[in-house]
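Have a look at data.cif below; it lists mmCIF, C-alpha atoms, pLDDT in the B column; chains and numbers go by the auth columns.
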```cif
data_model
#
loop_
_atom_site.group_PDB
_atom_site.id
_atom_site.type_symbol
_atom_site.label_atom_id
_atom_site.label_comp_id
_atom_site.label_asym_id
_atom_site.label_seq_id
_atom_site.Cartn_x
_atom_site.Cartn_y
_atom_site.Cartn_z
_atom_site.B_iso_or_equiv
_atom_site.auth_seq_id
_atom_site.auth_asym_id
ATOM 1 C CA MET A 1 -10.960 3.537 13.133 92.00 1 A
ATOM 2 C CA LYS A 2 -8.560 3.918 10.216 96.00 2 A
ATOM 3 C CA CYS A 3 -7.900 0.953 7.964 97.00 3 A
ATOM 4 C CA ILE A 4 -4.473 0.611 6.367 98.00 4 A
ATOM 5 C CA ILE A 5 -4.645 -1.429 3.173 98.00 5 A
ATOM 6 C CA GLY A 6 -1.712 -2.747 1.195 97.00 6 A
ATOM 7 C CA LEU A 7 -2.263 -3.775 -2.409 95.00 7 A
ATOM 8 C CA GLY A 8 -0.513 -6.777 -3.914 93.00 8 A
ATOM 9 C CA ASN A 9 -0.974 -10.190 -5.451 92.00 9 A
ATOM 10 C CA PRO A 10 -1.525 -13.205 -3.201 92.00 10 A
ATOM 11 C CA GLY A 11 0.808 -16.180 -3.557 88.00 11 A
ATOM 12 C CA LYS A 12 4.402 -16.977 -2.637 90.00 12 A
ATOM 13 C CA GLN A 13 5.645 -16.349 -6.172 86.00 13 A
ATOM 14 C CA TYR A 14 4.704 -12.653 -5.841 83.00 14 A
ATOM 15 C CA ARG A 15 5.776 -12.078 -2.233 85.00 15 A
ATOM 16 C CA LEU A 16 8.950 -10.064 -2.906 86.00 16 A
ATOM 17 C CA THR A 17 8.031 -8.495 -6.236 84.00 17 A
ATOM 18 C CA ARG A 18 7.948 -4.755 -6.854 82.00 18 A
ATOM 19 C CA HIS A 19 4.168 -4.918 -7.300 85.00 19 A
ATOM 20 C CA ASN A 20 3.766 -6.289 -3.755 92.00 20 A
ATOM 21 C CA ILE A 21 5.509 -3.514 -1.846 94.00 21 A
ATOM 22 C CA GLY A 22 2.104 -2.535 -0.395 96.00 22 A
ATOM 23 C CA PHE A 23 1.754 -6.045 1.069 96.00 23 A
ATOM 24 C CA GLN A 24 5.310 -5.797 2.406 95.00 24 A
ATOM 25 C CA VAL A 25 4.445 -2.646 4.392 97.00 25 A
ATOM 26 C CA ILE A 26 1.371 -4.356 5.890 98.00 26 A
ATOM 27 C CA ASP A 27 3.424 -7.449 6.804 96.00 27 A
ATOM 28 C CA TYR A 28 6.069 -5.257 8.445 97.00 28 A
ATOM 29 C CA LEU A 29 3.459 -3.326 10.467 98.00 29 A
ATOM 30 C CA ALA A 30 1.672 -6.537 11.488 98.00 30 A
ATOM 31 C CA ASP A 31 4.928 -8.038 12.736 97.00 31 A
ATOM 32 C CA LYS A 32 6.142 -4.874 14.471 97.00 32 A
ATOM 33 C CA HIS A 33 2.835 -4.160 16.229 97.00 33 A
ATOM 34 C CA ARG A 34 1.876 -7.799 16.856 96.00 34 A
ATOM 35 C CA ILE A 35 -1.273 -7.731 14.764 97.00 35 A
ATOM 36 C CA THR A 36 -2.524 -11.098 13.528 96.00 36 A
ATOM 37 C CA LEU A 37 -4.057 -10.970 10.069 96.00 37 A
ATOM 38 C CA LYS A 38 -6.928 -13.435 9.701 95.00 38 A
ATOM 39 C CA SER A 39 -9.392 -14.249 6.964 92.00 39 A
ATOM 40 C CA GLY A 40 -12.129 -11.664 6.946 71.00 40 A
ATOM 41 C CA ALA A 41 -15.757 -11.905 5.956 81.00 41 A
ATOM 42 C CA GLY A 42 -14.661 -11.466 2.355 88.00 42 A
ATOM 43 C CA GLU A 43 -11.642 -11.905 0.123 94.00 43 A
ATOM 44 C CA TYR A 44 -9.121 -10.297 2.467 96.00 44 A
ATOM 45 C CA LEU A 45 -6.924 -10.705 5.528 96.00 45 A
ATOM 46 C CA TYR A 46 -7.704 -8.331 8.374 96.00 46 A
ATOM 47 C CA GLY A 47 -6.456 -7.537 11.854 96.00 47 A
ATOM 48 C CA GLU A 48 -7.122 -4.754 14.355 96.00 48 A
ATOM 49 C CA HIS A 49 -4.555 -3.136 16.614 97.00 49 A
ATOM 50 C CA ARG A 50 -5.324 -3.594 20.320 95.00 50 A
ATOM 51 C CA SER A 51 -5.693 0.205 20.703 94.00 51 A
ATOM 52 C CA GLY A 52 -8.721 0.185 18.412 92.00 52 A
ATOM 53 C CA ARG A 53 -7.258 3.129 16.458 94.00 53 A
ATOM 54 C CA TYR A 54 -6.428 1.229 13.286 97.00 54 A
ATOM 55 C CA ALA A 55 -6.632 -2.048 11.409 97.00 55 A
ATOM 56 C CA LEU A 56 -4.516 -3.643 8.700 97.00 56 A
ATOM 57 C CA MET A 57 -5.880 -5.311 5.578 97.00 57 A
ATOM 58 C CA LYS A 58 -4.554 -7.251 2.569 96.00 58 A
ATOM 59 C CA PRO A 59 -6.884 -8.105 -0.330 96.00 59 A
ATOM 60 C CA LEU A 60 -6.746 -11.749 -1.430 95.00 60 A
ATOM 61 C CA THR A 61 -8.004 -10.923 -4.911 93.00 61 A
ATOM 62 C CA SER A 62 -5.555 -10.350 -7.713 90.00 62 A
ATOM 63 C CA MET A 63 -4.088 -6.828 -7.781 91.00 63 A
ATOM 64 C CA ASN A 64 -6.383 -5.781 -10.621 92.00 64 A
ATOM 65 C CA ASN A 65 -9.489 -6.753 -8.610 95.00 65 A
ATOM 66 C CA SER A 66 -8.477 -5.125 -5.307 95.00 66 A
ATOM 67 C CA GLY A 67 -11.602 -2.982 -5.310 94.00 67 A
ATOM 68 C CA ASN A 68 -13.771 -6.064 -4.755 95.00 68 A
ATOM 69 C CA ALA A 69 -12.075 -6.776 -1.417 95.00 69 A
ATOM 70 C CA LEU A 70 -12.260 -3.122 -0.328 95.00 70 A
ATOM 71 C CA MET A 71 -15.957 -3.021 -1.180 94.00 71 A
ATOM 72 C CA GLN A 72 -16.457 -6.145 0.959 94.00 72 A
ATOM 73 C CA LEU A 73 -14.464 -4.550 3.781 92.00 73 A
ATOM 74 C CA GLN A 74 -16.612 -1.433 3.514 92.00 74 A
ATOM 75 C CA GLN A 75 -19.784 -3.521 3.783 92.00 75 A
ATOM 76 C CA HIS A 76 -18.635 -5.816 6.619 91.00 76 A
ATOM 77 C CA LYS A 77 -16.696 -3.344 8.787 91.00 77 A
ATOM 78 C CA LYS A 78 -18.553 -0.124 7.883 91.00 78 A
ATOM 79 C CA VAL A 79 -15.266 1.558 6.920 92.00 79 A
ATOM 80 C CA LYS A 80 -15.738 4.685 4.825 94.00 80 A
ATOM 81 C CA PRO A 81 -13.313 5.438 1.959 95.00 81 A
ATOM 82 C CA LYS A 82 -11.953 8.501 3.806 95.00 82 A
ATOM 83 C CA GLN A 83 -10.995 6.207 6.734 96.00 83 A
ATOM 84 C CA MET A 84 -8.855 4.044 4.456 96.00 84 A
ATOM 85 C CA LEU A 85 -5.221 4.462 3.478 98.00 85 A
ATOM 86 C CA VAL A 86 -4.327 2.438 0.390 97.00 86 A
ATOM 87 C CA ILE A 87 -0.626 1.633 -0.089 97.00 87 A
ATOM 88 C CA TYR A 88 0.569 0.623 -3.540 95.00 88 A
ATOM 89 C CA ASP A 89 3.517 0.662 -5.926 92.00 89 A
ATOM 90 C CA ASP A 90 4.095 3.474 -8.421 90.00 90 A
ATOM 91 C CA LEU A 91 6.233 2.830 -11.478 85.00 91 A
ATOM 92 C CA ASP A 92 6.402 6.569 -12.259 84.00 92 A
ATOM 93 C CA LEU A 93 8.164 7.368 -8.965 89.00 93 A
ATOM 94 C CA PRO A 94 11.778 6.271 -8.543 90.00 94 A
ATOM 95 C CA LEU A 95 12.645 3.761 -5.843 91.00 95 A
ATOM 96 C CA GLY A 96 13.232 5.697 -2.630 93.00 96 A
ATOM 97 C CA ARG A 97 10.408 8.217 -3.123 95.00 97 A
ATOM 98 C CA MET A 98 6.872 8.114 -1.708 97.00 98 A
ATOM 99 C CA ARG A 99 3.764 10.255 -1.908 97.00 99 A
ATOM 100 C CA PHE A 100 0.852 10.560 0.499 98.00 100 A
ATOM 101 C CA ARG A 101 -2.289 12.044 -1.066 97.00 101 A
ATOM 102 C CA PRO A 102 -5.763 12.555 0.389 97.00 102 A
ATOM 103 C CA ASN A 103 -7.508 11.769 -2.927 96.00 103 A
ATOM 104 C CA GLY A 104 -7.107 11.950 -6.678 93.00 104 A
ATOM 105 C CA SER A 105 -7.014 9.995 -9.875 92.00 105 A
ATOM 106 C CA PRO A 106 -5.797 6.393 -9.777 90.00 106 A
ATOM 107 C CA GLY A 107 -3.543 7.081 -12.759 86.00 107 A
ATOM 108 C CA THR A 108 -2.530 3.970 -14.671 83.00 108 A
ATOM 109 C CA HIS A 109 -2.374 1.665 -11.636 88.00 109 A
ATOM 110 C CA ARG A 110 -4.974 -1.031 -12.264 89.00 110 A
ATOM 111 C CA GLY A 111 -5.293 -1.996 -8.602 91.00 111 A
ATOM 112 C CA MET A 112 -6.090 1.575 -7.615 94.00 112 A
ATOM 113 C CA GLN A 113 -8.395 1.933 -10.642 94.00 113 A
ATOM 114 C CA SER A 114 -10.346 -1.044 -9.294 96.00 114 A
ATOM 115 C CA VAL A 115 -10.508 0.546 -5.819 95.00 115 A
ATOM 116 C CA VAL A 116 -11.815 3.875 -7.148 96.00 116 A
ATOM 117 C CA THR A 117 -14.337 2.162 -9.433 95.00 117 A
ATOM 118 C CA LYS A 118 -15.728 -0.213 -6.795 95.00 118 A
ATOM 119 C CA LEU A 119 -15.868 2.380 -4.002 95.00 119 A
ATOM 120 C CA GLY A 120 -17.339 4.966 -6.385 94.00 120 A
ATOM 121 C CA THR A 121 -15.035 7.796 -5.281 95.00 121 A
ATOM 122 C CA GLN A 122 -11.546 9.216 -5.782 95.00 122 A
ATOM 123 C CA SER A 123 -11.619 10.478 -2.177 96.00 123 A
ATOM 124 C CA VAL A 124 -9.529 7.599 -0.873 96.00 124 A
ATOM 125 C CA PRO A 125 -6.303 8.526 0.949 97.00 125 A
ATOM 126 C CA ARG A 126 -3.302 6.743 -0.494 97.00 126 A
ATOM 127 C CA LEU A 127 0.425 6.208 -0.181 98.00 127 A
ATOM 128 C CA ARG A 128 2.248 5.633 -3.457 96.00 128 A
ATOM 129 C CA LEU A 129 5.651 3.949 -3.139 96.00 129 A
ATOM 130 C CA GLY A 130 8.128 4.448 -5.946 91.00 130 A
ATOM 131 C CA ILE A 131 9.440 1.290 -7.592 87.00 131 A
ATOM 132 C CA GLY A 132 10.761 2.872 -10.791 80.00 132 A
ATOM 133 C CA SER A 133 14.277 2.385 -12.075 68.00 133 A
ATOM 134 C CA GLU A 134 16.328 4.128 -14.713 63.00 134 A
ATOM 135 C CA GLU A 135 17.418 0.673 -15.862 63.00 135 A
ATOM 136 C CA LYS A 136 13.887 -0.554 -16.570 54.00 136 A
ATOM 137 C CA ILE A 137 13.969 -3.009 -19.447 59.00 137 A
ATOM 138 C CA GLY A 138 10.998 -4.583 -21.171 56.00 138 A
ATOM 139 C CA PRO A 139 7.260 -4.203 -20.681 53.00 139 A
ATOM 140 C CA SER A 140 6.106 -2.637 -17.415 67.00 140 A
ATOM 141 C CA GLU A 141 3.874 -5.664 -16.702 66.00 141 A
ATOM 142 C CA ASP A 142 6.981 -7.852 -16.504 62.00 142 A
ATOM 143 C CA PHE A 143 9.036 -5.267 -14.610 65.00 143 A
ATOM 144 C CA VAL A 144 6.544 -4.871 -11.746 68.00 144 A
ATOM 145 C CA LEU A 145 6.340 -8.653 -11.302 68.00 145 A
ATOM 146 C CA ASP A 146 10.124 -8.946 -10.945 73.00 146 A
ATOM 147 C CA SER A 147 11.901 -8.879 -7.601 79.00 147 A
ATOM 148 C CA PHE A 148 14.066 -5.906 -6.759 76.00 148 A
ATOM 149 C CA ALA A 149 17.576 -6.136 -8.181 79.00 149 A
ATOM 150 C CA LYS A 150 20.316 -7.190 -5.781 89.00 150 A
ATOM 151 C CA ASP A 151 21.669 -3.636 -5.526 85.00 151 A
ATOM 152 C CA GLU A 152 18.137 -2.288 -4.822 87.00 152 A
ATOM 153 C CA LYS A 153 17.148 -4.658 -2.001 89.00 153 A
ATOM 154 C CA SER A 154 18.497 -2.629 0.928 92.00 154 A
ATOM 155 C CA LEU A 155 16.860 0.544 -0.427 91.00 155 A
ATOM 156 C CA ALA A 156 13.561 -1.325 -0.932 91.00 156 A
ATOM 157 C CA GLU A 157 13.722 -2.526 2.682 94.00 157 A
ATOM 158 C CA GLU A 158 14.342 1.053 3.829 95.00 158 A
ATOM 159 C CA VAL A 159 11.324 2.199 1.803 95.00 159 A
ATOM 160 C CA VAL A 160 9.145 -0.381 3.600 96.00 160 A
ATOM 161 C CA THR A 161 10.280 0.677 7.082 97.00 161 A
ATOM 162 C CA THR A 162 10.056 4.398 6.281 97.00 162 A
ATOM 163 C CA ALA A 163 6.604 3.919 4.744 98.00 163 A
ATOM 164 C CA ALA A 164 5.543 2.139 7.952 98.00 164 A
ATOM 165 C CA ASP A 165 6.711 5.183 9.935 98.00 165 A
ATOM 166 C CA GLY A 166 4.697 7.352 7.564 98.00 166 A
ATOM 167 C CA VAL A 167 1.621 5.205 8.111 98.00 167 A
ATOM 168 C CA MET A 168 1.907 5.694 11.870 98.00 168 A
ATOM 169 C CA THR A 169 2.224 9.450 11.330 98.00 169 A
ATOM 170 C CA TYR A 170 -0.919 9.321 9.186 98.00 170 A
ATOM 171 C CA ILE A 171 -2.799 7.348 11.874 97.00 171 A
ATOM 172 C CA TYR A 172 -1.899 9.632 14.765 96.00 172 A
ATOM 173 C CA ASP A 173 -1.313 13.031 13.116 97.00 173 A
ATOM 174 C CA GLY A 174 -3.315 12.966 9.869 96.00 174 A
ATOM 175 C CA ILE A 175 -2.668 13.063 6.146 97.00 175 A
ATOM 176 C CA GLN A 176 -1.349 16.636 6.017 97.00 176 A
ATOM 177 C CA THR A 177 1.407 15.957 8.554 97.00 177 A
ATOM 178 C CA ALA A 178 2.290 12.719 6.749 98.00 178 A
ATOM 179 C CA MET A 179 2.490 14.607 3.443 98.00 179 A
ATOM 180 C CA ASN A 180 4.677 17.347 4.942 97.00 180 A
ATOM 181 C CA SER A 181 7.030 14.857 6.592 96.00 181 A
ATOM 182 C CA PHE A 182 7.378 12.107 3.973 97.00 182 A
ATOM 183 C CA ASN A 183 6.567 13.432 0.481 97.00 183 A
ATOM 184 C CA LYS A 184 9.849 15.339 0.256 94.00 184 A
ATOM 185 C CA LEU A 185 12.053 12.376 1.239 93.00 185 A
ATOM 186 C CA ASP A 186 14.407 10.803 -1.276 92.00 186 A
ATOM 187 C CA LEU A 187 15.855 7.737 0.414 92.00 187 A
ATOM 188 C CA ALA A 188 18.093 6.996 -2.573 84.00 188 A
ATOM 189 C CA ARG A 189 20.071 10.196 -1.864 80.00 189 A
ATOM 190 C CA ASN A 190 20.572 9.703 1.882 61.00 190 A
#
```

Could you rewrite the structure in this file as structure tokens?
Amino acid sequence: MKCIIGLGNPGKQYRLTRHNIGFQVIDYLADKHRITLKSGAGEYLYGEHRSGRYALMKPLTSMNNSGNALMQLQQHKKVKPKQMLVIYDDLDLPLGRMRFRPNGSPGTHRGMQSVVTKLGTQSVPRLRLGIGSEEKIGPSEDFVLDSFAKDEKSLAEEVVTTAADGVMTYIYDGIQTAMNSFNKLDLARN
């Protein structure tokens, strides 16, 4: 079984922030596929699809401690890192772009750094969703905790739905097909 994990910060105040776009994809998939997310045996929400092919998960830790929840998931559900797909925001990619990768460095993303550290491997499939803007003002810590600008909201919604399609491609056809189909997209130019 594959486990699709969205990173974000719990709490209503963060729900629609740039940093929580990973949570937004999980919420969209849960709603679309009628998956109920319930408290797990650790600090996370978890729900399995009726097909048994995949599950959805949202850590309830802060973003920077996401690895704790994934380590708990690994222990309780016996999910290996290579069976996971971690979805998170990427400030270095512009809004409208996304990147599937089978493994690699966590870069500067503290949530993904926590995941790699706690799981003890960089071999964790991931989907990075661009949240960057040419009009970024101020420290990046403040920018990622802001909501999308009014003129970005429809594009951000399209990113969430397209990312969800990419996740389904990953589940049924694998990471390589997902990379070939979605890494070249630029939704801002369509």

**Study point:** Selection: 7 Å around region 61-75 of chain A, all atoms listed in the file, excl. self and same-chain fewer than 2 positions, as an MDAnalysis selection string
**Key:** chainID A and resid 7:10 42:44 59 77:80 110:111 114:115 118:119

Review point. So which one's closest to Arg97 (chain A), A:Lys184, A:Ser51, A:Gly120, A:Gln24? Using all atoms listed in the file, please.
Key: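 Using all atoms listed in the file, the shortest distance to Arg97 (chain A) belongs to A:Lys184.
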
Check your understanding: Taking into account all atoms listed in the file, which residue in the set A:Leu60, A:Met1, A:Ala30, A:Met179 is nearest to Leu127 (chain A)?
Key -> A:Met179

Please produce, as CSV, a per-residue contact table for region 32-101 of chain A versus region 145-156 of chain A (criterion: any atom at most 12 Å away, only C-alpha atoms considered), showing the nearest atom pair and its distance in Å to one decimal, sorted by chain then residue number.
```
residue,atom,partner,partner_atom,distance
A:Met63,CA,A:Leu145,CA,11.2
A:Asp89,CA,A:Leu145,CA,11.1
A:Leu91,CA,A:Leu145,CA,11.5
A:Pro94,CA,A:Ala156,CA,10.9
A:Leu95,CA,A:Ala156,CA,7.1
A:Gly96,CA,A:Leu155,CA,6.7
A:Arg97,CA,A:Ala156,CA,10.3
A:Met98,CA,A:Ala156,CA,11.6
```

Exercise for review: Between A:Ile131, A:Leu37, A:Ile175, A:Ala164, single out the one closest to Arg18 (chain A), counting all atoms listed in the file.
Suggested key: A:Ile131

Check your understanding: Residues at most 10 Å from Asn180 (chain A), counting all atoms listed in the file, excluding those fewer than 5 positions away in the same chain, as a VMD selection string?
Key -> chain A and resid 99 to 100 175 185

Using all atoms of region 47-59 of chain A that appear in the file, construct an axis-aligned enclosing box with 5 Å of padding on every side and provide its centre coordinates and edge lengths in Å, rounded to one decimal, as JSON.
```
{"center_x": -6.6, "center_y": -2.5, "center_z": 10.2, "size_x": 14.2, "size_y": 21.2, "size_z": 31.0}
```

Output of the PyMOL selection byres ((chain A and resi 56) around 6), listed as a tab-separated table (two decimals) with C-alpha atoms, keeping the file's coordinate frame:
```tsv
chain	number	residue	atom	x	y	z
A	3	CYS	CA	-7.90	0.95	7.96
A	4	ILE	CA	-4.47	0.61	6.37
A	5	ILE	CA	-4.64	-1.43	3.17
A	46	TYR	CA	-7.70	-8.33	8.37
A	47	GLY	CA	-6.46	-7.54	11.85
A	55	ALA	CA	-6.63	-2.05	11.41
A	57	MET	CA	-5.88	-5.31	5.58
```

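Counting from CA of Gly6 (chain A), the distance to CA of Arg126 (chain A) is 9.8 Å.
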
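In this model, the gap between CA of Asp27 (chain A) and CA of Asp165 (chain A) comes to 13.4 Å.
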
Exercise for review: Find, counting all atoms listed in the file, the residue in A:Thr36, A:Thr17, A:Thr169, A:Thr117 that gets nearest to Leu85 (chain A).
Suggested key: A:Thr169

Exercise for review: Grab the CA of Thr161 (chain A) to CA of Met84 (chain A) distance for me, in Å with one decimal place.
Suggested key: 19.6 Å

Practice item. Could you check which of A:Gly130, A:Gly174, A:Pro106, A:Gly166 is closest to Lys2 (chain A), using only C-alpha atoms? Key: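 Closest candidate: A:Gly174.
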
Missing atoms in region 148-175 of chain A need filling: write out N, CA and C atoms for it as a CSV table (one decimal), keeping the file's coordinate frame.
```
chain,number,residue,atom,x,y,z
A,148,PHE,N,13.1,-7.0,-6.7
A,148,PHE,CA,14.1,-5.9,-6.8
A,148,PHE,C,15.4,-6.5,-7.1
A,149,ALA,N,16.2,-5.7,-7.8
A,149,ALA,CA,17.6,-6.1,-8.2
A,149,ALA,C,18.4,-6.2,-6.9
A,150,LYS,N,19.5,-7.0,-7.0
A,150,LYS,CA,20.3,-7.2,-5.8
A,150,LYS,C,20.8,-5.9,-5.2
A,151,ASP,N,21.2,-4.9,-6.0
A,151,ASP,CA,21.7,-3.6,-5.5
A,151,ASP,C,20.5,-2.7,-5.1
A,152,GLU,N,19.3,-3.1,-5.3
A,152,GLU,CA,18.1,-2.3,-4.8
A,152,GLU,C,17.5,-2.8,-3.5
A,153,LYS,N,17.8,-4.0,-3.1
A,153,LYS,CA,17.1,-4.7,-2.0
A,153,LYS,C,17.2,-3.9,-0.7
A,154,SER,N,18.4,-3.4,-0.3
A,154,SER,CA,18.5,-2.6,0.9
A,154,SER,C,17.7,-1.3,0.9
A,155,LEU,N,17.7,-0.7,-0.3
A,155,LEU,CA,16.9,0.5,-0.4
A,155,LEU,C,15.4,0.2,-0.4
A,156,ALA,N,15.0,-0.9,-1.0
A,156,ALA,CA,13.6,-1.3,-0.9
A,156,ALA,C,13.1,-1.6,0.5
A,157,GLU,N,14.0,-2.2,1.3
A,157,GLU,CA,13.7,-2.5,2.7
A,157,GLU,C,13.6,-1.2,3.5
A,158,GLU,N,14.4,-0.2,3.2
A,158,GLU,CA,14.3,1.1,3.8
A,158,GLU,C,13.0,1.8,3.5
A,159,VAL,N,12.6,1.6,2.2
A,159,VAL,CA,11.3,2.2,1.8
A,159,VAL,C,10.2,1.6,2.6
A,160,VAL,N,10.2,0.3,2.8
A,160,VAL,CA,9.1,-0.4,3.6
A,160,VAL,C,9.1,0.1,5.0
A,161,THR,N,10.3,0.2,5.7
A,161,THR,CA,10.3,0.7,7.1
A,161,THR,C,9.9,2.2,7.2
A,162,THR,N,10.4,3.0,6.3
A,162,THR,CA,10.1,4.4,6.3
A,162,THR,C,8.6,4.6,6.0
A,163,ALA,N,8.0,3.8,5.0
A,163,ALA,CA,6.6,3.9,4.7
A,163,ALA,C,5.8,3.5,6.0
A,164,ALA,N,6.2,2.5,6.7
A,164,ALA,CA,5.5,2.1,8.0
A,164,ALA,C,5.6,3.3,9.0
A,165,ASP,N,6.7,4.0,9.1
A,165,ASP,CA,6.7,5.2,9.9
A,165,ASP,C,5.7,6.2,9.4
A,166,GLY,N,5.6,6.4,8.1
A,166,GLY,CA,4.7,7.4,7.6
A,166,GLY,C,3.3,7.0,7.9
A,167,VAL,N,3.0,5.7,7.8
A,167,VAL,CA,1.6,5.2,8.1
A,167,VAL,C,1.3,5.6,9.5
A,168,MET,N,2.2,5.4,10.5
A,168,MET,CA,1.9,5.7,11.9
A,168,MET,C,1.7,7.2,12.1
A,169,THR,N,2.4,8.0,11.3
A,169,THR,CA,2.2,9.4,11.3
A,169,THR,C,0.8,9.8,10.8
A,170,TYR,N,0.4,9.1,9.7
A,170,TYR,CA,-0.9,9.3,9.2
A,170,TYR,C,-2.0,9.0,10.2
A,171,ILE,N,-1.8,7.8,10.9
A,171,ILE,CA,-2.8,7.3,11.9
A,171,ILE,C,-3.0,8.3,13.0
A,172,TYR,N,-1.8,8.8,13.6
A,172,TYR,CA,-1.9,9.6,14.8
A,172,TYR,C,-1.9,11.1,14.5
A,173,ASP,N,-1.4,11.6,13.4
A,173,ASP,CA,-1.3,13.0,13.1
A,173,ASP,C,-2.0,13.5,11.9
A,174,GLY,N,-2.5,12.6,11.0
A,174,GLY,CA,-3.3,13.0,9.9
A,174,GLY,C,-2.5,13.0,8.6
A,175,ILE,N,-3.3,13.1,7.5
A,175,ILE,CA,-2.7,13.1,6.1
A,175,ILE,C,-1.8,14.3,5.9
```
